[in-house]
Amino acid sequence: MNLSAYIRVSTDSQAEHGQGLDVQRSQVETWATENGHQIIHWYSDEGISGYGDLDIRDGLLEAIGSVSYNGSEGLLVPNTGRLARDSVNQELAMREVWKAGGKVFAADRGEILQDDPERPLDSFTRKLLALIDELDGRMISLRLRKGRANKAANGGFAYGSPPFGWASREGELVEHPEEQQTLTTIKALREQGHSYASIAEELNLLGLKSKRGGDWHPSTVSRVLKKS
């Protein structure tokens, strides 16, 4: 089958050893090759929590949409936790793919089957594993919060990725020169009355990159302005 692949790292990804984008990409490529599938599109979300609402997950929304309009026959992820940590959102994302006539695959367990009245155990297992994904993610978040609180108590920068325009150096926030220039451009365009969508389009035309080096989207511009 021709598949779209989706990978994600969250702001908590440092705690998930061996789950960087490069490792996830390798897992997905290996599984696809071994099972005779072709990856025709790649999508990703970087620095986005798996607990976030689907409407802020630009990469995931594009990946799901590709099943409807971009020639893909299904969605492939490294594991269902990358799809979403929240069990409800995980189920919603898979249902959107199924609604479009596609299939859902995870490199660690193969095809994820949708509800079938003749196979109730499959549905139960899928939903149980989604709850396990959610619990695992919340335990990771708890450990990180405790570690960050301890680091902050000792005077260091501890809470998540630095906002756009800034970098962390030896526990302190310092200005990131290139990002500061881009931030100035974003603010100037916004003051001129440009929409988030037109700002994203202009930044992409100028070749300016987002925090993770990817293209700009309206939601990315909005988040940067809210945090600046």
# chains A, B, ... in the order shown; residues from 1 in each chain; ligands from 1
$ select_by_dssp --residues "stretch 36-121 of chain A" --states "helix (DSSP H, G or I)" --output "PyMOL selection string"
chain A and resi 54-56+58-69+80-83+87-99+120-121
$ residues_around --residues "stretch 23-33 of chain A" --least-positions-apart "4" --cutoff "9 Å" --atoms "only C-alpha atoms" --output "number ranges by chain"
A: 3, 5-8, 18-19, 37-39, 76-79, 106-108, 110
$ atom_distance --atom1 "atom CA of A:Ala167" --atom2 "atom CA of A:Ser228"
13.3 Å
$ closest_residue --among "A:Gly50, A:Ser4, A:Gly20, A:Thr125" --to "A:Asn70" --atoms "only C-alpha atoms"
A:Ser4
$ residues_around --residues "A:Leu75" --least-positions-apart "4" --cutoff "10 Å" --atoms "only C-alpha atoms" --output "ChimeraX atom specification"
/A:2-6,39,41-42,60,63-67,83,94,97-98,102-106,111
$ closest_atom_pairs --of "stretch 28-141 of chain A" --to "stretch 201-214 of chain A" --cutoff "12 Å" --atoms "only C-alpha atoms" --output "Markdown table"
| residue | atom | partner | partner_atom | distance |
| --- | --- | --- | --- | --- |
| A:Tyr43 | CA | A:Gly214 | CA | 10.7 |
| A:Ser44 | CA | A:Gly214 | CA | 9.4 |
| A:Asp45 | CA | A:Arg212 | CA | 9.3 |
| A:Glu46 | CA | A:Arg212 | CA | 6.6 |
| A:Gly47 | CA | A:Arg212 | CA | 7.9 |
| A:Ile48 | CA | A:Arg212 | CA | 10.9 |
| A:Asp58 | CA | A:Gly214 | CA | 11.6 |
| A:Gly59 | CA | A:Gly214 | CA | 10.7 |
$ write_last_selection --atoms "N, CA and C atoms" --output "tab-separated table (two decimals), in the first residue's frame"
chain	number	residue	atom	x	y	z
A	43	TYR	N	5.04	13.34	7.34
A	43	TYR	CA	4.51	14.47	8.10
A	43	TYR	C	5.03	14.38	9.53
A	44	SER	N	5.19	15.52	10.17
A	44	SER	CA	5.69	15.51	11.55
A	44	SER	C	5.17	16.71	12.32
A	45	ASP	N	5.13	16.56	13.64
A	45	ASP	CA	4.90	17.66	14.58
A	45	ASP	C	6.06	17.65	15.54
A	46	GLU	N	6.68	18.80	15.73
A	46	GLU	CA	7.87	18.88	16.58
A	46	GLU	C	7.62	19.85	17.72
A	47	GLY	N	7.90	19.38	18.92
A	47	GLY	CA	7.67	20.20	20.10
A	47	GLY	C	6.20	20.36	20.42
A	48	ILE	N	5.38	19.38	20.02
A	48	ILE	CA	3.94	19.42	20.26
A	48	ILE	C	3.54	18.25	21.16
A	58	ASP	N	-0.65	20.49	13.26
A	58	ASP	CA	-0.65	20.72	11.80
A	58	ASP	C	-0.19	19.49	11.02
A	59	GLY	N	0.90	18.87	11.48
A	59	GLY	CA	1.43	17.72	10.77
A	59	GLY	C	0.46	16.55	10.75
$ residues_around --residues "A:Ile56" --least-positions-apart "5" --cutoff "9 Å" --atoms "only C-alpha atoms" --output "count of residues only"
4
